[in-house]
>>> print(open('work19.csv').read())   # CSV, C-alpha atoms
chain,number,residue,atom,x,y,z
A,15,MET,CA,-59.9,-233.9,-183.0
A,16,LYS,CA,-56.4,-232.9,-182.3
A,17,THR,CA,-55.6,-229.5,-180.9
A,18,ALA,CA,-52.5,-227.6,-179.8
A,19,VAL,CA,-52.0,-224.8,-177.4
A,20,VAL,CA,-49.0,-222.4,-177.7
A,21,LEU,CA,-47.3,-221.7,-174.3
A,22,LEU,CA,-45.4,-218.5,-173.8
A,23,PRO,CA,-43.7,-217.0,-170.7
A,24,GLY,CA,-46.1,-215.1,-168.5
A,25,LEU,CA,-49.4,-216.6,-169.7
A,26,ASN,CA,-52.1,-217.0,-167.1
A,27,ARG,CA,-55.1,-218.4,-169.1
A,28,ASP,CA,-53.4,-221.3,-170.8
A,29,ARG,CA,-54.8,-223.8,-168.3
A,30,ASP,CA,-58.4,-222.6,-168.8
A,31,MET,CA,-57.9,-223.1,-172.6
A,32,ILE,CA,-56.4,-226.6,-172.1
A,33,ALA,CA,-59.3,-227.5,-169.8
A,34,ALA,CA,-61.9,-226.2,-172.3
A,35,LEU,CA,-60.3,-228.0,-175.2
A,36,THR,CA,-60.1,-231.2,-173.2
A,37,ALA,CA,-63.7,-231.0,-172.2
A,38,ILE,CA,-64.9,-230.3,-175.8
A,39,THR,CA,-62.7,-232.7,-177.7
A,40,GLY,CA,-62.3,-235.4,-175.0
A,41,GLN,CA,-58.6,-235.3,-175.7
A,42,ARG,CA,-55.9,-233.1,-174.0
A,43,PRO,CA,-54.3,-230.7,-176.4
A,44,ALA,CA,-50.6,-230.9,-177.3
A,45,THR,CA,-48.7,-228.0,-175.7
A,46,VAL,CA,-45.9,-226.2,-177.6
A,47,TRP,CA,-43.3,-224.0,-175.8
A,48,GLN,CA,-42.3,-220.7,-177.4
A,49,THR,CA,-38.8,-221.9,-178.4
A,50,GLU,CA,-40.1,-224.8,-180.4
A,51,THR,CA,-39.8,-224.5,-184.1
A,52,GLU,CA,-42.5,-227.0,-185.0
A,53,VAL,CA,-46.1,-227.5,-184.0
A,54,PRO,CA,-47.6,-231.0,-183.8
A,55,ASP,CA,-50.3,-231.8,-186.3
A,56,ALA,CA,-53.5,-230.3,-185.1
A,57,ASP,CA,-57.0,-229.4,-186.4
A,58,LEU,CA,-56.9,-226.2,-184.3
A,59,ILE,CA,-53.9,-224.3,-182.9
A,60,VAL,CA,-54.8,-221.9,-180.0
A,61,VAL,CA,-52.8,-219.0,-178.8
A,62,PRO,CA,-54.3,-218.3,-175.4
A,63,GLY,CA,-54.3,-215.2,-173.1
A,64,GLY,CA,-52.7,-213.4,-171.5
A,65,PHE,CA,-49.7,-211.3,-170.6
A,66,SER,CA,-47.1,-213.1,-172.6
A,67,PHE,CA,-43.6,-211.8,-171.8
A,68,GLY,CA,-45.2,-209.5,-169.3
A,69,ASP,CA,-46.4,-207.5,-172.3
A,70,TYR,CA,-43.0,-205.8,-172.5
A,71,LEU,CA,-42.7,-203.2,-175.4
A,72,ARG,CA,-46.3,-203.7,-176.6
A,73,CYS,CA,-48.9,-206.4,-175.8
A,74,GLY,CA,-47.9,-209.5,-177.7
A,75,ALA,CA,-45.0,-207.9,-179.6
A,76,ILE,CA,-42.2,-210.1,-178.3
A,77,ALA,CA,-44.3,-213.2,-178.2
A,78,ALA,CA,-45.2,-212.6,-181.9
A,79,ARG,CA,-41.5,-212.8,-182.8
A,80,SER,CA,-40.8,-216.0,-180.9
A,81,PRO,CA,-39.8,-219.1,-182.9
A,82,VAL,CA,-43.1,-221.0,-182.2
A,83,MET,CA,-45.0,-218.2,-183.9
A,84,ARG,CA,-43.1,-218.6,-187.1
A,85,ALA,CA,-44.2,-222.3,-187.1
A,86,VAL,CA,-47.8,-221.2,-186.3
A,87,ALA,CA,-47.7,-218.7,-189.3
A,88,GLU,CA,-46.5,-221.5,-191.6
A,89,ARG,CA,-49.4,-223.7,-190.5
A,90,ALA,CA,-51.9,-220.8,-190.9
A,91,ALA,CA,-50.6,-220.2,-194.4
A,92,ARG,CA,-51.4,-223.8,-195.2
A,93,GLY,CA,-55.0,-223.3,-194.0
A,94,VAL,CA,-54.8,-224.8,-190.5
A,95,PRO,CA,-57.3,-223.0,-188.2
A,96,VAL,CA,-55.7,-220.8,-185.6
A,97,LEU,CA,-57.5,-219.1,-182.7
A,98,GLY,CA,-56.1,-216.3,-180.6
A,99,VAL,CA,-57.9,-215.2,-177.5
A,100,CYS,CA,-57.2,-211.9,-175.7
A,101,ASN,CA,-53.4,-211.8,-175.6
A,102,GLY,CA,-53.5,-214.4,-178.3
A,103,PHE,CA,-55.4,-211.9,-180.5
A,104,GLN,CA,-52.8,-209.2,-179.7
A,105,ILE,CA,-50.1,-211.7,-180.7
A,106,LEU,CA,-51.7,-212.6,-184.0
A,107,CYS,CA,-52.1,-208.9,-184.9
A,108,GLU,CA,-48.5,-208.2,-183.9
A,109,ALA,CA,-47.4,-211.2,-186.0
A,110,GLY,CA,-49.2,-209.8,-189.0
A,111,LEU,CA,-51.6,-212.8,-189.2
A,112,LEU,CA,-54.6,-210.5,-188.6
A,113,PRO,CA,-55.2,-206.9,-189.6
A,114,GLY,CA,-55.2,-204.0,-187.1
A,115,ALA,CA,-53.7,-203.5,-183.7
A,116,LEU,CA,-54.9,-203.6,-180.1
A,117,MET,CA,-54.4,-200.5,-178.0
A,118,ARG,CA,-54.8,-199.4,-174.4
A,119,ASN,CA,-58.5,-199.3,-173.3
A,120,THR,CA,-59.8,-195.7,-173.6
A,121,SER,CA,-60.8,-195.7,-169.9
A,122,LEU,CA,-57.1,-196.7,-169.1
A,123,ASN,CA,-58.7,-199.2,-166.7
A,124,PHE,CA,-58.3,-202.9,-166.7
A,125,VAL,CA,-61.7,-204.3,-167.5
A,126,CYS,CA,-62.9,-207.6,-166.1
A,127,ARG,CA,-66.6,-208.4,-166.5
A,128,GLU,CA,-69.1,-210.0,-168.8
A,129,VAL,CA,-70.1,-208.4,-172.1
A,130,LYS,CA,-72.6,-209.2,-174.8
A,131,LEU,CA,-71.2,-210.2,-178.2
A,132,GLU,CA,-73.1,-210.0,-181.4
A,133,ILE,CA,-72.2,-212.6,-184.1
A,134,ALA,CA,-71.5,-210.3,-187.0
A,135,ASN,CA,-70.6,-213.1,-189.4
A,136,ALA,CA,-72.1,-216.6,-188.8
A,137,GLN,CA,-70.6,-217.9,-192.0
A,138,THR,CA,-67.0,-218.4,-190.8
A,139,ARG,CA,-65.6,-221.8,-189.9
A,140,PHE,CA,-65.5,-220.5,-186.3
A,141,THR,CA,-69.2,-219.4,-186.1
A,142,THR,CA,-71.4,-221.9,-188.0
A,143,ALA,CA,-72.8,-223.1,-184.6
A,144,TYR,CA,-74.3,-219.6,-184.1
A,145,GLU,CA,-77.0,-217.6,-186.0
A,146,GLN,CA,-76.3,-214.3,-187.7
A,147,GLY,CA,-76.9,-211.5,-185.3
A,148,GLN,CA,-77.2,-213.8,-182.3
A,149,VAL,CA,-76.1,-212.2,-179.1
A,150,ILE,CA,-74.1,-214.3,-176.7
A,151,ARG,CA,-72.5,-213.6,-173.2
A,152,CYS,CA,-68.8,-213.7,-172.8
A,153,PRO,CA,-66.3,-212.6,-170.2
A,154,VAL,CA,-63.5,-210.1,-170.9
A,155,ALA,CA,-60.4,-209.4,-168.9
A,156,HIS,CA,-57.9,-207.0,-170.4
A,157,HIS,CA,-56.1,-203.7,-170.3
A,158,ASP,CA,-55.4,-203.4,-174.1
A,159,GLY,CA,-58.4,-204.5,-176.0
A,160,ASN,CA,-59.1,-201.3,-177.9
A,161,TYR,CA,-59.1,-202.6,-181.5
A,162,PHE,CA,-57.9,-200.1,-184.1
A,163,ALA,CA,-57.2,-200.1,-187.8
A,164,ASP,CA,-57.0,-197.3,-190.4
A,165,ASP,CA,-60.0,-196.4,-192.5
A,166,GLU,CA,-58.7,-198.2,-195.6
A,167,THR,CA,-58.1,-201.5,-193.6
A,168,LEU,CA,-61.5,-201.2,-191.9
A,169,GLU,CA,-63.3,-200.8,-195.2
A,170,ARG,CA,-61.6,-203.9,-196.6
A,171,VAL,CA,-62.1,-205.9,-193.4
A,172,GLU,CA,-65.8,-205.0,-193.2
A,173,GLY,CA,-66.3,-205.5,-196.9
A,174,ASN,CA,-64.9,-209.0,-196.7
A,175,GLY,CA,-67.0,-210.0,-193.7
A,176,GLN,CA,-63.9,-210.4,-191.6
A,177,VAL,CA,-65.5,-208.7,-188.6
A,178,VAL,CA,-66.9,-211.8,-186.7
A,179,PHE,CA,-67.8,-210.4,-183.3
A,180,ARG,CA,-69.0,-207.0,-182.2
A,181,TYR,CA,-69.7,-205.8,-178.7
A,182,ALA,CA,-73.5,-205.5,-178.5
A,183,GLU,CA,-74.7,-202.0,-178.2
A,184,GLY,CA,-73.7,-200.3,-175.0
A,185,THR,CA,-71.3,-203.0,-173.8
A,186,ASN,CA,-68.1,-202.0,-175.6
A,187,PRO,CA,-65.6,-202.3,-172.7
A,188,ASN,CA,-62.5,-200.8,-174.3
A,189,GLY,CA,-63.4,-198.2,-177.0
A,190,ALA,CA,-62.7,-200.6,-179.9
A,191,ILE,CA,-63.4,-198.9,-183.2
A,192,ARG,CA,-66.8,-199.9,-184.7
A,193,ASP,CA,-67.4,-202.1,-181.5
A,194,ILE,CA,-65.1,-204.7,-183.1
A,195,ALA,CA,-64.4,-207.6,-180.7
A,196,GLY,CA,-63.0,-210.2,-183.1
A,197,VAL,CA,-61.8,-210.6,-186.7
A,198,VAL,CA,-60.7,-213.3,-189.0
A,199,ASN,CA,-58.0,-213.1,-191.7
A,200,GLU,CA,-58.9,-212.9,-195.4
A,201,ALA,CA,-58.6,-216.7,-195.9
A,202,GLY,CA,-61.0,-217.2,-192.9
A,203,ASN,CA,-58.8,-219.7,-191.0
A,204,VAL,CA,-57.3,-217.4,-188.4
A,205,LEU,CA,-59.6,-215.8,-185.7
A,206,GLY,CA,-58.7,-213.4,-183.0
A,207,LEU,CA,-61.0,-212.1,-180.3
A,208,MET,CA,-60.6,-210.2,-177.0
A,209,PRO,CA,-63.4,-212.0,-174.9
A,210,HIS,CA,-62.7,-215.4,-173.4
A,211,PRO,CA,-65.0,-218.1,-174.9
A,212,GLU,CA,-63.0,-220.8,-173.1
A,213,ASN,CA,-64.5,-219.6,-169.8
A,214,LEU,CA,-68.1,-220.3,-170.9
A,215,VAL,CA,-68.0,-223.9,-172.2
A,216,GLU,CA,-69.5,-226.0,-169.4
A,217,PRO,CA,-72.8,-225.5,-167.5
A,218,GLU,CA,-70.7,-225.2,-164.3
A,219,HIS,CA,-69.4,-221.9,-165.7
A,220,GLY,CA,-72.9,-220.5,-165.6
A,221,GLY,CA,-73.4,-220.9,-169.4
A,222,THR,CA,-72.1,-222.5,-172.5
A,223,ASP,CA,-72.2,-219.5,-174.9
A,224,GLY,CA,-68.5,-219.8,-175.8
A,225,ARG,CA,-68.7,-223.4,-176.8
A,226,GLY,CA,-70.0,-222.7,-180.3
A,227,ILE,CA,-66.7,-221.3,-181.5
A,228,PHE,CA,-64.9,-224.6,-180.7
A,229,GLU,CA,-67.8,-226.7,-181.9
A,230,SER,CA,-67.9,-224.9,-185.2
A,231,VAL,CA,-64.2,-225.7,-185.9
A,232,LEU,CA,-64.7,-229.2,-184.5
A,233,GLY,CA,-67.7,-229.9,-186.7
A,234,ILE,CA,-65.8,-229.0,-189.8
A,235,ALA,CA,-62.7,-231.0,-188.8
A,236,THR,CA,-64.9,-234.0,-188.0
A,237,ALA,CA,-66.6,-233.9,-191.4
A,238,ARG,CA,-63.1,-233.6,-193.1
A,239,GLU,CA,-61.9,-236.7,-191.2
A,240,ALA,CA,-65.0,-238.6,-192.2
A,241,ALA,CA,-64.6,-237.7,-195.9
B,2,MET,CA,-22.2,-196.1,-182.7
B,3,LYS,CA,-25.2,-194.8,-180.7
B,4,ALA,CA,-28.7,-194.1,-182.0
B,5,ARG,CA,-31.8,-192.7,-180.6
B,6,ILE,CA,-35.2,-194.0,-181.9
B,7,LEU,CA,-38.3,-192.1,-181.2
B,8,VAL,CA,-41.6,-194.0,-181.6
B,9,THR,CA,-44.8,-192.0,-181.6
B,10,LEU,CA,-48.5,-192.7,-182.3
B,11,LYS,CA,-49.7,-191.8,-185.8
B,12,ASN,CA,-51.9,-188.8,-186.2
B,13,GLY,CA,-55.5,-189.7,-185.7
B,14,VAL,CA,-54.8,-192.6,-183.4
B,15,LEU,CA,-56.3,-192.0,-180.0
B,16,ASP,CA,-53.8,-191.7,-177.2
B,17,PRO,CA,-55.6,-192.3,-173.9
B,18,GLN,CA,-52.3,-192.0,-171.8
B,19,GLY,CA,-51.5,-188.7,-173.5
B,20,LYS,CA,-55.0,-187.5,-172.6
B,21,ALA,CA,-54.6,-188.5,-168.9
B,22,ILE,CA,-51.2,-186.7,-168.8
B,23,GLU,CA,-52.8,-183.6,-170.4
B,24,GLY,CA,-55.5,-183.7,-167.7
B,25,ALA,CA,-52.8,-184.0,-164.9
B,26,LEU,CA,-50.9,-181.0,-166.2
B,27,GLY,CA,-54.1,-179.0,-166.1
B,28,THR,CA,-54.7,-180.1,-162.5
B,29,LEU,CA,-51.2,-178.9,-161.6
B,30,GLY,CA,-52.1,-175.5,-162.9
B,31,PHE,CA,-50.2,-175.5,-166.2
B,32,ASP,CA,-52.6,-173.4,-168.2
B,33,GLY,CA,-52.3,-173.1,-172.0
B,34,VAL,CA,-51.3,-176.8,-172.6
B,35,GLY,CA,-52.8,-178.0,-175.8
B,36,ALA,CA,-52.8,-181.7,-176.7
B,37,VAL,CA,-50.2,-184.0,-175.1
B,38,ARG,CA,-49.1,-187.1,-177.0
B,39,GLN,CA,-46.8,-189.6,-175.4
B,40,GLY,CA,-44.3,-191.9,-177.1
B,41,LYS,CA,-41.3,-194.1,-176.5
B,42,VAL,CA,-37.5,-193.5,-176.8
B,43,PHE,CA,-35.0,-196.3,-177.4
B,44,ASP,CA,-31.3,-195.7,-177.1
B,45,VAL,CA,-29.5,-198.3,-179.0
B,46,GLU,CA,-25.8,-199.0,-179.2
B,47,ILE,CA,-24.8,-200.7,-182.4
B,48,ALA,CA,-21.4,-202.2,-183.4
B,49,GLU,CA,-21.4,-200.7,-186.9
B,50,SER,CA,-19.2,-197.8,-188.0
B,51,ASP,CA,-20.7,-197.2,-191.4
B,52,PRO,CA,-23.6,-194.7,-190.8
B,53,ASP,CA,-25.6,-195.9,-193.9
B,54,LYS,CA,-25.4,-199.6,-192.8
B,55,ALA,CA,-26.2,-198.6,-189.2
B,56,ARG,CA,-29.3,-196.6,-190.4
B,57,ALA,CA,-30.5,-199.5,-192.5
B,58,ALA,CA,-30.1,-201.9,-189.6
B,59,LEU,CA,-31.9,-199.5,-187.2
B,60,ASP,CA,-34.8,-199.0,-189.7
B,61,ALA,CA,-35.1,-202.8,-190.0
B,62,MET,CA,-35.3,-203.1,-186.1
B,63,CYS,CA,-38.1,-200.5,-186.1
B,64,GLU,CA,-40.0,-202.2,-188.9
B,65,LYS,CA,-39.6,-205.7,-187.3
B,66,LEU,CA,-40.0,-205.0,-183.6
B,67,LEU,CA,-39.6,-201.5,-182.1
B,68,ALA,CA,-42.6,-199.9,-183.8
B,69,ASN,CA,-46.0,-201.3,-184.7
B,70,THR,CA,-46.4,-199.5,-188.0
B,71,VAL,CA,-50.2,-200.0,-188.0
B,72,ILE,CA,-50.4,-197.4,-185.3
B,73,GLU,CA,-47.0,-195.9,-184.8
B,74,ASN,CA,-44.4,-193.8,-186.6
B,75,TYR,CA,-40.7,-193.9,-185.9
B,76,ALA,CA,-37.7,-191.6,-186.4
B,77,VAL,CA,-34.0,-192.8,-186.2
B,78,GLU,CA,-31.3,-190.4,-185.2
B,79,ILE,CA,-27.6,-191.3,-185.1
B,80,VAL,CA,-26.1,-189.5,-182.0
>>> encode(input="work19.csv", output="structure tokens")
Amino acid sequence: MKTAVVLLPGLNRDRDMIAALTAITGQRPATVWQTETEVPDADLIVVPGGFSFGDYLRCGAIAARSPVMRAVAERAARGVPVLGVCNGFQILCEAGLLPGALMRNTSLNFVCREVKLEIANAQTRFTTAYEQGQVIRCPVAHHDGNYFADDETLERVEGNGQVVFRYAEGTNPNGAIRDIAGVVNEAGNVLGLMPHPENLVEPEHGGTDGRGIFESVLGIATAREAA
Amino acid sequence: MKARILVTLKNGVLDPQGKAIEGALGTLGFDGVGAVRQGKVFDVEIAESDPDKARAALDAMCEKLLANTVIENYAVEIV
């Protein structure tokens, strides 16, 4: 399985993502710098966290307008799976590839700890390795993870099953509306989430709860290659 | 031509920073302060002498970058 990781100025979790993808696929992902106008062929494109461009203006706002993100948007429109984690989620929202926006945590504090995530939709191509309603552990590390969308958007997103992850009861770290931790686009091939699944993929991390997201996408891609 | 762009959070969008500032004003003894909402100001110099064209360009800048219209409103003033 070929993967690609988008690199932007100021990132700090890109190497974690590269290590996780290498461990899972057995192949180092291609890396694409923000000024590139093309992304190599890949079964999964990842926009990692965090702090692209120092989060000037708004989190992810300037990164979302960089040339590479236009190329990512073109791929996404053609159905290629795209995953955005933490700052990557903010970038995908700012780029208009996902609904809603991510605002400052209601506590105004940077939150860095483990939370529990409920799989709100196990039918997406990113979550077939999980069971509906399953609760997994996942670390968060962010200042702006407070997901927000207006009522009309929320109704549409909930109705379509686009809410994929929710913070399990009592663990919402940022005030996100309806405990939303991750959403997919309407077509189901673009996922954004605030927690960091790439930091729980090997037993040495203390758990492999995050691995299912990558394995779900990998499984589908493997089947497609075999067909 | 110079313009001032004011970006504010939409009504109904929680403003945690505004709330913290509101609390600080209370701590300083400023009684009678209701809600505080904070926003951003952009002073933009633009090489365009036609006010209509300038306004159209500034609106486009707001829509494409300066404001996130999911959560923010903007107002453009030619100064």
>>> closest_atom_pairs(input="work19.csv", of="chain A", to="chain B", cutoff="10 Å", atoms="only C-alpha atoms", output="JSON lines")
{"residue": "A:Leu71", "atom": "CA", "partner": "B:Leu67", "partner_atom": "CA", "distance": 7.6}
{"residue": "A:Arg72", "atom": "CA", "partner": "B:Asn69", "partner_atom": "CA", "distance": 8.5}
{"residue": "A:Ala75", "atom": "CA", "partner": "B:Leu66", "partner_atom": "CA", "distance": 7.0}
{"residue": "A:Ile76", "atom": "CA", "partner": "B:Leu66", "partner_atom": "CA", "distance": 7.7}
{"residue": "A:Ala78", "atom": "CA", "partner": "B:Leu66", "partner_atom": "CA", "distance": 9.4}
{"residue": "A:Arg79", "atom": "CA", "partner": "B:Leu66", "partner_atom": "CA", "distance": 8.0}
{"residue": "A:Cys107", "atom": "CA", "partner": "B:Val71", "partner_atom": "CA", "distance": 9.6}
{"residue": "A:Glu108", "atom": "CA", "partner": "B:Asn69", "partner_atom": "CA", "distance": 7.4}
{"residue": "A:Ala109", "atom": "CA", "partner": "B:Lys65", "partner_atom": "CA", "distance": 9.6}
{"residue": "A:Gly110", "atom": "CA", "partner": "B:Val71", "partner_atom": "CA", "distance": 9.9}
{"residue": "A:Pro113", "atom": "CA", "partner": "B:Val71", "partner_atom": "CA", "distance": 8.7}
{"residue": "A:Gly114", "atom": "CA", "partner": "B:Val71", "partner_atom": "CA", "distance": 6.5}
{"residue": "A:Ala115", "atom": "CA", "partner": "B:Val71", "partner_atom": "CA", "distance": 6.6}
{"residue": "A:Leu116", "atom": "CA", "partner": "B:Ile72", "partner_atom": "CA", "distance": 9.3}
{"residue": "A:Met117", "atom": "CA", "partner": "B:Asp16", "partner_atom": "CA", "distance": 8.9}
{"residue": "A:Arg118", "atom": "CA", "partner": "B:Pro17", "partner_atom": "CA", "distance": 7.2}
{"residue": "A:Asn119", "atom": "CA", "partner": "B:Pro17", "partner_atom": "CA", "distance": 7.6}
{"residue": "A:Thr120", "atom": "CA", "partner": "B:Pro17", "partner_atom": "CA", "distance": 5.4}
{"residue": "A:Ser121", "atom": "CA", "partner": "B:Pro17", "partner_atom": "CA", "distance": 7.4}
{"residue": "A:Leu122", "atom": "CA", "partner": "B:Pro17", "partner_atom": "CA", "distance": 6.7}
{"residue": "A:Asn160", "atom": "CA", "partner": "B:Leu15", "partner_atom": "CA", "distance": 9.9}
{"residue": "A:Phe162", "atom": "CA", "partner": "B:Ile72", "partner_atom": "CA", "distance": 8.1}
{"residue": "A:Ala163", "atom": "CA", "partner": "B:Val71", "partner_atom": "CA", "distance": 7.0}
{"residue": "A:Asp164", "atom": "CA", "partner": "B:Val71", "partner_atom": "CA", "distance": 7.7}
{"residue": "A:Thr167", "atom": "CA", "partner": "B:Val71", "partner_atom": "CA", "distance": 9.8}
{"residue": "A:Gly189", "atom": "CA", "partner": "B:Leu15", "partner_atom": "CA", "distance": 9.9}
>>> atom_distance(input="work19.csv", atom1="CA of Ala34 in chain A", atom2="CA of Val94 in chain A")
19.6 Å
>>> axis_aligned_box(input="work19.csv", around="range 15-19 of chain B", padding_each_side="8 Å", output="JSON")
{"center_x": -53.9, "center_y": -190.5, "center_z": -175.9, "size_x": 20.8, "size_y": 19.6, "size_z": 24.2}
>>> atom_distance(input="work19.csv", atom1="CA of Gly27 in chain B", atom2="CA of Asn123 in chain A")
20.7 Å
>>> residues_around(input="work19.csv", residues="Leu214 in chain A", least_positions_apart="3", cutoff="10 Å", atoms="only C-alpha atoms", output="JSON, numbers by chain")
{"A": [34, 151, 152, 153, 210, 211, 217, 218, 219, 220, 221, 222, 223, 224, 225, 226]}
>>> write_last_selection(input="work19.csv", atoms="C-alpha atoms", output="CSV table (one decimal), keeping the file's coordinate frame")
chain,number,residue,atom,x,y,z
A,34,ALA,CA,-61.9,-226.2,-172.3
A,151,ARG,CA,-72.5,-213.6,-173.2
A,152,CYS,CA,-68.8,-213.7,-172.8
A,153,PRO,CA,-66.3,-212.6,-170.2
A,210,HIS,CA,-62.7,-215.4,-173.4
A,211,PRO,CA,-65.0,-218.1,-174.9
A,217,PRO,CA,-72.8,-225.5,-167.5
A,218,GLU,CA,-70.7,-225.2,-164.3
A,219,HIS,CA,-69.4,-221.9,-165.7
A,220,GLY,CA,-72.9,-220.5,-165.6
A,221,GLY,CA,-73.4,-220.9,-169.4
A,222,THR,CA,-72.1,-222.5,-172.5
A,223,ASP,CA,-72.2,-219.5,-174.9
A,224,GLY,CA,-68.5,-219.8,-175.8
A,225,ARG,CA,-68.7,-223.4,-176.8
A,226,GLY,CA,-70.0,-222.7,-180.3
>>> residues_around(input="work19.csv", residues="Ile79 in chain B", least_positions_apart="4", cutoff="9 Å", atoms="only C-alpha atoms", output="PyMOL selection string")
chain B and resi 2-6+52+55-56
>>> atom_distance(input="work19.csv", atom1="CA of Asp165 in chain A", atom2="CA of Gly63 in chain A")
27.6 Å
>>> closest_residue(input="work19.csv", among="B:Ala25, B:Val34, B:Leu10, B:Val80", to="Ile47 in chain B", atoms="all atoms listed in the file")
B:Val80
>>> residues_near_point(input="work19.csv", point="(-45.5, -189.9, -185.5)", cutoff="8 Å", atoms="all atoms listed in the file", output="ChimeraX atom specification")
/B:8-12,73-75
>>> closest_residue(input="work19.csv", among="B:Arg38, B:Phe43, B:Leu7, B:Ala48", to="Ile22 in chain B", atoms="all atoms listed in the file")
B:Arg38
>>> closest_residue(input="work19.csv", among="B:Asp60, B:Gly35, B:Ala76, B:Asp51", to="Glu23 in chain B", atoms="all atoms listed in the file")
B:Gly35
>>> closest_residue(input="work19.csv", among="B:Val77, B:Leu26, B:Asp32, B:Val42", to="Ala58 in chain B", atoms="only C-alpha atoms")
B:Val77
>>> decode(input="work19.csv", residues="range 208-225 of chain A", atoms="N, CA and C atoms", output="CSV table (one decimal), in the first residue's frame")
chain,number,residue,atom,x,y,z
A,208,MET,N,-9.4,15.0,15.8
A,208,MET,CA,-8.5,15.7,16.7
A,208,MET,C,-7.5,14.7,17.4
A,209,PRO,N,-7.9,13.6,17.9
A,209,PRO,CA,-6.9,12.7,18.6
A,209,PRO,C,-5.9,12.1,17.6
A,210,HIS,N,-4.8,11.5,18.2
A,210,HIS,CA,-3.7,11.1,17.4
A,210,HIS,C,-3.6,9.6,17.4
A,211,PRO,N,-4.3,8.9,16.4
A,211,PRO,CA,-4.2,7.4,16.3
A,211,PRO,C,-2.8,6.9,16.0
A,212,GLU,N,-2.0,7.8,15.3
A,212,GLU,CA,-0.7,7.3,15.0
A,212,GLU,C,0.2,7.1,16.2
A,213,ASN,N,-0.2,7.6,17.3
A,213,ASN,CA,0.6,7.4,18.5
A,213,ASN,C,0.2,6.2,19.3
A,214,LEU,N,-0.7,5.4,18.8
A,214,LEU,CA,-1.1,4.1,19.5
A,214,LEU,C,-1.3,3.0,18.4
A,215,VAL,N,-0.1,2.7,17.7
A,215,VAL,CA,-0.2,1.7,16.7
A,215,VAL,C,0.7,0.5,17.0
A,216,GLU,N,1.6,0.6,17.9
A,216,GLU,CA,2.5,-0.5,18.2
A,216,GLU,C,2.5,-0.8,19.7
A,217,PRO,N,2.6,-2.1,20.1
A,217,PRO,CA,2.5,-2.4,21.5
A,217,PRO,C,3.5,-1.6,22.4
A,218,GLU,N,4.6,-1.2,21.8
A,218,GLU,CA,5.6,-0.3,22.6
A,218,GLU,C,4.9,1.0,23.0
A,219,HIS,N,3.9,1.4,22.3
A,219,HIS,CA,3.2,2.7,22.7
A,219,HIS,C,2.3,2.5,23.9
A,220,GLY,N,2.1,1.2,24.3
A,220,GLY,CA,1.2,0.9,25.4
A,220,GLY,C,-0.2,0.6,24.9
A,221,GLY,N,-0.3,0.4,23.6
A,221,GLY,CA,-1.6,0.0,23.1
A,221,GLY,C,-1.6,0.1,21.5
A,222,THR,N,-2.6,-0.5,20.9
A,222,THR,CA,-2.7,-0.4,19.4
A,222,THR,C,-4.0,0.0,19.0
A,223,ASP,N,-4.7,0.8,19.9
A,223,ASP,CA,-6.1,1.2,19.6
A,223,ASP,C,-6.3,2.0,18.3
A,224,GLY,N,-5.2,2.7,17.9
A,224,GLY,CA,-5.3,3.6,16.8
A,224,GLY,C,-5.1,2.9,15.5
A,225,ARG,N,-4.6,1.7,15.5
A,225,ARG,CA,-4.2,1.0,14.3
A,225,ARG,C,-5.3,0.7,13.4
